[in-house]
Structure formats: C-alpha cells, structure tokens
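Input: a single structure, listed below in structure tokens.
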Amino acid sequence: MEYLDFELPIKELEDQLDKCQIIGQESNVDVTNTCKQIEKKLEETKKKIYKNLTAWQRVQLSRHPNRPYTMDYVRALCGDTFLELFGDRAFKDDKAMIGGLGKIGGQSFMIIGQQKGYNTKTRQYRNFGMANPEGYRKALRLMKMAEKFGIPVVSFIDTPGAYPGLEAEERGQGEAIARNILEMIRLKVPIIAVIVGEGASGGALGIGVGDRVFMLENTWYSVISPESCSSILWKSWDYKEQAAEALKLTSEDMKKQKLVDDVIPEPLGGAHYDRDTTFKTTGEYIVKAFNELKDLSTEDLVGKRMDKYSRMGEFKE
C-alpha cells in the first residue's frame with residue numbers, strides 16, 4: 001500500500017500494529033491489549049483524517065495509484081459478459097478510451113470510459129487516460145450503436161483531460177468533444193455517467209453528459225486541474241491547494257451546485273481500501289438510476305436531459 005503525505009500518521013500506526021502482532025507471534029508475551037489500543041487509535045486517526053479532507057487532499061486521493069480504474073469496475077460489475085469493441089472506423093483505436101457491451105445486474109449496457117495504466121508501460125500504452133479525437137469518435141460510434149438497438153449507456157470518467165498534443169488538435173480534438181456533447185444531449189436512450197477518478201475539463205465532458213451523473217466521494221470534476229489553474233493565475237504550481245479550494249471541484253461542492261445528481265460514498269480511506277464494497281455500491285447506483293429512467297418515453301427522456309443542462313449556470317443580477 002502506498003501512502004500520501006497526509007496519510008503518514010496512519011502508516012506509522014499500522015507499522016506499530018504489525019510489529020506488535022509479530023512480537024506476539026514470536027514470543028510468549030501477551031500483547032492483546034496493546035494491539036487493541038493501537039487498533040483503536042488507528043481507527044480514530046483514520047476517521048479524523050478522512051472526515052476532514054481538504055479539496056486538494058481529495059484530488060490526491062482521486063489520483064492514488066492503488067485506486068481502481070475503469071476496467072476494474074467493468075470486470076467487477078460485468079464479469080465475463082463484457083465484450084470490448086474497438087476503433088472509430090476512421091483513424092484508429094484509441095487505447096485511452098475503452099468501450100463495449102456488458103451486463104450489470106442482468107441489464108445490458110453500452111459501457112464506455114477512460115482507462116489509465118497501472119505501471120509505466122501500461123500508462124504509456126493508455127496515454128495516461130488522455131483520449132485523442134479518435135477516442136471520442138469511438139465513444140460516439142458506440143453510443144449511436146446503443147441508440148440503434150435501444151441499449152442504455154454507462155460512462156466511467158477518469159481523465160486528467162483530453163490529450164493536448166499538436167496531432168490531436170490537427171485531427172479535430174475540439175470538434176470531436178463538441179460533437180459528443182451535442183449527440184449525447186439528444187441520444188434516445190438513458191445515459192448514466194459516473195466519475196470514478198479525475199474529471200478534468202472537456203476530456204470529461206466528452207463522455208459526461210447524462211440523465212444521471214454521479215461522483216464517487218473522493219473524486220473531482222472541474223474545468224481545469226488545480227495545478228494548471230495555479231500556473232495560470234500565479235505563474236507557479238505552488239498555489240495548487242488554494243486553487244483547489246477556489247475551484248469548488250469536490251463531489252460535495254458539485255452536488256451543492258446541482259452539477260451532479262448524487263455522491264456515491266466510498267469506504268473509509270478511499271475506494272482502494274475496500275474495492276469490493278466500492279464496486280457493489282457503484283453497481284447499485286447504476287441499476288437504481290436505470291430503473292428510474294427505463295419507463296420514460298424517448299421525448300420525456302431527451303426533454304428532461306435538455307432541461308437539466310439548460311438550468312445549469314443560471315444566475316440573477
């Protein structure tokens with residue numbers, strides 16, 4: 001297990017607990033009471049730290065290397081029923097964007113999402129979860145296929161942003177994302193979007209329009225990352241903590257501003273501490289959302305979706 005800076009007190013207590021248990025196993029000394037005291041202190045420390053996280057600390061948790069990625073959710077929720085589909089039928093297959101058919105709770109879904117890598121080799125292979133235009137065009141192709149056959153769509157969002165390279169811009173990155181937003185707004189099947197990690201900028205919006213949009217508790221959703229915001233406003237990354245607070249990018253802030261529909265709770269410490277519980281809870285939210293949407297007529301479904309996004313950004317002078 002890797003630990004973030006603010007988790008070091010937890011690491012120290014867990015190390016103490018391990019040493020205490022080893023002493024008890026290797027000697028005749030009764031350390032039961034000592035271990036219980038450490039366990040109690042450990043639990044209290046975890047609650048104190050994780051119940052009072054700053055915006056920047058939640059950003060750090062969303063990037064935790066042990067945190068489950070999109071394919072982890074797909075494998076856990078769909079099992080052997082997932083059939084991955086490839087290519088945008090125009091340029092090539094984008095490995096940063098995955099998509100395919102799978103069943104969640106017995107219901108077929110078209111599943112799309114950004115996929116990051118687990119180590120240096122796979123991160124390069126997946127381009128760190130930053131999709132090129134062909135990735136968004138693949139996602140749109142699969143969504144239109146789902147519409148054709150009346151299959152609901154689920155998108156898992158986890159990206160530091162769309163790929164900003166010159167070649168991506170040459171192939172129409174902005175147009176691809178804008179096209180996806182336009183088409184998703186009027187797609188004639190239910191769309192459920194779940195932010196499972198980072199939800200940055202247009203890279204997230206390109207597959208993020210939905211009838212229901214959920215965020216896991218320790219994720220973020222914003223027009224720009226705290227580091228980039230800091231570098232623009234203060235010409236330095238040193239103010240990323242202040243930028244994170246100012247951007248109001250946490251799940252709690254997003255729900256308060258009515259930009260997402262609900263927050264999916266995570267186990268104490270984050271999704272990586274108890275993956276099975278996280279997968280189960282996420283699946284329950286998806287199935288519940290689908291059950292609420294499945295009986296709506298096409299006109300009502302699209303109309304409610306358009307109304308939902310039309311209300312965002314309203315203000316009074």
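Going through the structure tokens in order, the chains are called A, B, and so on, while each chain numbers its residues from 1 and the ligands are numbered from 1 in the order shown.
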May I have a table of the residues of stretch 79-131 of chain A lying at most 12 Å from stretch 62-67 of chain A, giving each one's closest pair of atoms and their distance in Å to one decimal, counting only C-alpha atoms, ordered by chain and ascending residue number, as a Markdown table?
| residue | atom | partner | partner_atom | distance |
| --- | --- | --- | --- | --- |
| A:Lys116 | CA | A:Pro65 | CA | 10.1 |
| A:Gly117 | CA | A:Pro65 | CA | 9.4 |
| A:Tyr118 | CA | A:Pro65 | CA | 7.4 |
| A:Asn119 | CA | A:Pro65 | CA | 9.0 |
| A:Thr120 | CA | A:Pro65 | CA | 11.5 |
| A:Arg123 | CA | A:Pro65 | CA | 11.3 |
| A:Phe128 | CA | A:Arg63 | CA | 11.4 |
| A:Gly129 | CA | A:Arg63 | CA | 11.7 |
Residues from last step as file, N, CA and C atoms, as a short mmCIF file (atom, residue, chain, number, x, y, z; two decimals), in the first residue's frame:
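Listed below is the output, result-v8.cif:
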data_model
loop_
_atom_site.label_atom_id
_atom_site.label_comp_id
_atom_site.auth_asym_id
_atom_site.auth_seq_id
_atom_site.Cartn_x
_atom_site.Cartn_y
_atom_site.Cartn_z
N LYS A 116 -6.75 4.45 -17.41
CA LYS A 116 -5.36 4.77 -17.12
C LYS A 116 -4.56 3.48 -16.99
N GLY A 117 -3.25 3.61 -16.88
CA GLY A 117 -2.39 2.43 -16.74
C GLY A 117 -2.00 2.18 -15.30
N TYR A 118 -1.49 0.95 -15.04
CA TYR A 118 -1.12 0.54 -13.69
C TYR A 118 0.37 0.72 -13.41
N ASN A 119 1.17 0.79 -14.46
CA ASN A 119 2.61 0.98 -14.31
C ASN A 119 3.11 1.81 -15.50
N THR A 120 4.40 2.05 -15.56
CA THR A 120 4.94 2.92 -16.61
C THR A 120 4.58 2.43 -18.01
N ARG A 123 0.77 2.76 -18.63
CA ARG A 123 0.38 4.18 -18.67
C ARG A 123 0.72 4.79 -20.03
N PHE A 128 -1.97 7.64 -20.43
CA PHE A 128 -2.32 8.24 -19.14
C PHE A 128 -3.81 8.60 -19.04
N GLY A 129 -4.65 7.90 -19.79
CA GLY A 129 -6.08 8.17 -19.74
C GLY A 129 -6.51 9.41 -20.50
#
Close residues, A:Lys144 itself excluded, 9 Å, only C-alpha atoms, min 4 positions apart in chain, as a ChimeraX atom specification: /A:139-140,148-149,183,187
Would you mind exporting N, CA and C atoms of the selected residues as a PDB file, in the first residue's frame?
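Output below, filename selection_33.pdb:
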ATOM      1  N   ALA A 139     -16.182   6.477 -28.922  1.00  0.00           N
ATOM      2  CA  ALA A 139     -17.250   6.532 -27.914  1.00  0.00           C
ATOM      3  C   ALA A 139     -18.582   6.905 -28.548  1.00  0.00           C
ATOM      4  N   LEU A 140     -18.562   7.876 -29.459  1.00  0.00           N
ATOM      5  CA  LEU A 140     -19.794   8.297 -30.122  1.00  0.00           C
ATOM      6  C   LEU A 140     -20.341   7.190 -31.017  1.00  0.00           C
ATOM      7  N   LYS A 148     -29.322   2.721 -31.562  1.00  0.00           N
ATOM      8  CA  LYS A 148     -29.959   1.936 -32.636  1.00  0.00           C
ATOM      9  C   LYS A 148     -30.662   0.702 -32.089  1.00  0.00           C
ATOM     10  N   PHE A 149     -30.051   0.063 -31.085  1.00  0.00           N
ATOM     11  CA  PHE A 149     -30.609  -1.178 -30.553  1.00  0.00           C
ATOM     12  C   PHE A 149     -31.300  -0.990 -29.201  1.00  0.00           C
ATOM     13  N   GLU A 183     -24.431  15.261 -29.438  1.00  0.00           N
ATOM     14  CA  GLU A 183     -25.123  13.995 -29.693  1.00  0.00           C
ATOM     15  C   GLU A 183     -25.623  13.350 -28.405  1.00  0.00           C
ATOM     16  N   LEU A 187     -29.361  11.936 -27.398  1.00  0.00           N
ATOM     17  CA  LEU A 187     -29.355  10.481 -27.547  1.00  0.00           C
ATOM     18  C   LEU A 187     -30.653   9.905 -26.982  1.00  0.00           C
TER      19      LEU A 187
END
Neighbouring residues of A:Gly79 were defined as those with any atom within 9 Å, considering only C-alpha atoms; residues of the same chain fewer than 4 positions away were excluded. Please report them as an MDAnalysis selection string.
chainID A and resid 74:75 102:104
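The space between atom CA of A:Ile185 and atom CA of A:Glu170 spans 25.6 Å.
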Q. Contacts of A:Phe156 at 9 Å or less, counting only C-alpha atoms, minus same-chain residues fewer than 3 places along, as an NGL selection string?
A. :A and (69-70 or 73 or 111-115 or 192-197 or 207-208)
Write out the residues from the selection above, keeping all heavy atoms, as a tab-separated table (two decimals), in the first residue's frame.
chain	number	residue	atom	x	y	z
A	69	TYR	N	-9.46	1.56	-11.46
A	69	TYR	CA	-9.69	2.29	-12.69
A	69	TYR	C	-10.92	1.74	-13.41
A	69	TYR	O	-11.56	0.78	-12.95
A	69	TYR	CB	-8.46	2.20	-13.59
A	69	TYR	CG	-7.23	2.87	-13.02
A	69	TYR	CD1	-5.98	2.26	-13.11
A	69	TYR	CD2	-7.30	4.12	-12.39
A	69	TYR	CE1	-4.83	2.88	-12.60
A	69	TYR	CE2	-6.17	4.73	-11.87
A	69	TYR	CZ	-4.94	4.11	-11.97
A	69	TYR	OH	-3.83	4.72	-11.46
A	70	THR	N	-11.21	2.30	-14.56
A	70	THR	CA	-12.44	1.95	-15.28
A	70	THR	C	-12.56	0.45	-15.53
A	70	THR	O	-13.61	-0.16	-15.28
A	70	THR	CB	-12.50	2.71	-16.62
A	70	THR	OG1	-12.66	4.11	-16.34
A	70	THR	CG2	-13.67	2.23	-17.47
A	73	TYR	N	-13.76	-1.57	-12.60
A	73	TYR	CA	-15.21	-1.50	-12.41
A	73	TYR	C	-15.92	-2.40	-13.42
A	73	TYR	O	-16.87	-3.10	-13.07
A	73	TYR	CB	-15.70	-0.06	-12.56
A	73	TYR	CG	-15.36	0.83	-11.41
A	73	TYR	CD1	-14.16	1.55	-11.38
A	73	TYR	CD2	-16.21	0.97	-10.31
A	73	TYR	CE1	-13.83	2.37	-10.30
A	73	TYR	CE2	-15.90	1.79	-9.24
A	73	TYR	CZ	-14.69	2.48	-9.25
A	73	TYR	OH	-14.36	3.29	-8.18
A	111	ILE	N	-21.01	0.27	-22.42
A	111	ILE	CA	-20.13	0.86	-21.42
A	111	ILE	C	-18.94	1.52	-22.10
A	111	ILE	O	-18.28	0.92	-22.96
A	111	ILE	CB	-19.63	-0.22	-20.43
A	111	ILE	CG1	-20.83	-0.85	-19.72
A	111	ILE	CG2	-18.66	0.38	-19.42
A	111	ILE	CD1	-20.50	-2.09	-18.93
A	112	ILE	N	-18.68	2.78	-21.74
A	112	ILE	CA	-17.53	3.50	-22.27
A	112	ILE	C	-16.80	4.16	-21.10
A	112	ILE	O	-17.38	4.36	-20.03
A	112	ILE	CB	-17.92	4.57	-23.31
A	112	ILE	CG1	-18.94	5.55	-22.72
A	112	ILE	CG2	-18.46	3.93	-24.57
A	112	ILE	CD1	-19.31	6.69	-23.63
A	113	GLY	N	-15.53	4.47	-21.29
A	113	GLY	CA	-14.80	5.12	-20.21
A	113	GLY	C	-13.33	5.29	-20.53
A	113	GLY	O	-12.78	4.62	-21.40
A	114	GLN	N	-12.70	6.21	-19.81
A	114	GLN	CA	-11.25	6.40	-19.96
A	114	GLN	C	-10.52	5.40	-19.06
A	114	GLN	O	-10.95	5.13	-17.95
A	114	GLN	CB	-10.84	7.82	-19.58
A	114	GLN	CG	-11.32	8.88	-20.55
A	114	GLN	CD	-12.45	9.72	-20.00
A	114	GLN	OE1	-13.02	9.40	-18.97
A	114	GLN	NE2	-12.79	10.80	-20.69
A	115	GLN	N	-9.43	4.88	-19.57
A	115	GLN	CA	-8.65	3.90	-18.82
A	115	GLN	C	-7.21	4.38	-18.66
A	115	GLN	O	-6.54	4.69	-19.63
A	115	GLN	CB	-8.66	2.53	-19.53
A	115	GLN	CG	-7.74	1.50	-18.94
A	115	GLN	CD	-8.14	1.07	-17.53
A	115	GLN	OE1	-9.28	1.27	-17.12
A	115	GLN	NE2	-7.21	0.50	-16.79
A	192	ILE	N	-26.07	7.10	-18.10
A	192	ILE	CA	-25.65	7.22	-16.70
A	192	ILE	C	-24.14	7.40	-16.67
A	192	ILE	O	-23.40	6.56	-17.17
A	192	ILE	CB	-26.05	5.96	-15.90
A	192	ILE	CG1	-27.56	5.74	-15.97
A	192	ILE	CG2	-25.58	6.08	-14.44
A	192	ILE	CD1	-28.01	4.35	-15.58
A	193	ALA	N	-23.69	8.53	-16.12
A	193	ALA	CA	-22.26	8.84	-16.07
A	193	ALA	C	-21.78	8.76	-14.62
A	193	ALA	O	-22.45	9.24	-13.71
A	193	ALA	CB	-21.99	10.22	-16.64
A	194	VAL	N	-20.61	8.15	-14.43
A	194	VAL	CA	-20.03	8.01	-13.09
A	194	VAL	C	-18.58	8.49	-13.13
A	194	VAL	O	-17.77	7.96	-13.90
A	194	VAL	CB	-20.07	6.55	-12.61
A	194	VAL	CG1	-19.59	6.47	-11.15
A	194	VAL	CG2	-21.46	5.96	-12.74
A	195	ILE	N	-18.27	9.49	-12.29
A	195	ILE	CA	-16.89	9.96	-12.20
A	195	ILE	C	-16.20	9.12	-11.13
A	195	ILE	O	-16.53	9.20	-9.95
A	195	ILE	CB	-16.83	11.47	-11.84
A	195	ILE	CG1	-17.56	12.27	-12.93
A	195	ILE	CG2	-15.39	11.94	-11.70
A	195	ILE	CD1	-17.96	13.65	-12.51
A	196	VAL	N	-15.25	8.30	-11.55
A	196	VAL	CA	-14.60	7.36	-10.63
A	196	VAL	C	-13.20	7.81	-10.22
A	196	VAL	O	-12.57	7.19	-9.36
A	196	VAL	CB	-14.52	5.94	-11.26
A	196	VAL	CG1	-15.92	5.40	-11.50
A	196	VAL	CG2	-13.71	5.95	-12.55
A	197	GLY	N	-12.70	8.88	-10.84
A	197	GLY	CA	-11.37	9.39	-10.50
A	197	GLY	C	-11.30	10.88	-10.78
A	197	GLY	O	-11.97	11.68	-10.13
A	207	ILE	N	-17.62	12.57	-22.60
A	207	ILE	CA	-18.46	11.39	-22.35
A	207	ILE	C	-19.28	11.59	-21.07
A	207	ILE	O	-19.76	10.63	-20.48
A	207	ILE	CB	-17.63	10.08	-22.26
A	207	ILE	CG1	-16.59	10.17	-21.13
A	207	ILE	CG2	-16.96	9.76	-23.59
A	207	ILE	CD1	-15.94	8.83	-20.81
A	208	GLY	N	-19.43	12.85	-20.64
A	208	GLY	CA	-20.01	13.12	-19.34
A	208	GLY	C	-21.42	13.64	-19.30
A	208	GLY	O	-21.96	13.89	-18.22
**OP:** Can you pull out every residue within 9 Å of A:Gly105, counting only C-alpha atoms, but drop anything in the same chain fewer than 5 positions away, and send it as an MDAnalysis selection string?
**Re:** chainID A and resid 77:78 283:284 287
Per residue of stretch 216-237 of chain A within 10 Å of stretch 258-281 of chain A, which atom pair is closest and at what distance in Å (one decimal), using only C-alpha atoms, listed by chain and increasing number, as a Markdown table?
| residue | atom | partner | partner_atom | distance |
| --- | --- | --- | --- | --- |
| A:Leu216 | CA | A:Ile264 | CA | 4.6 |
| A:Glu217 | CA | A:Pro265 | CA | 5.2 |
| A:Asn218 | CA | A:Gly270 | CA | 6.7 |
| A:Thr219 | CA | A:Val263 | CA | 9.6 |
| A:Tyr221 | CA | A:Val260 | CA | 9.4 |
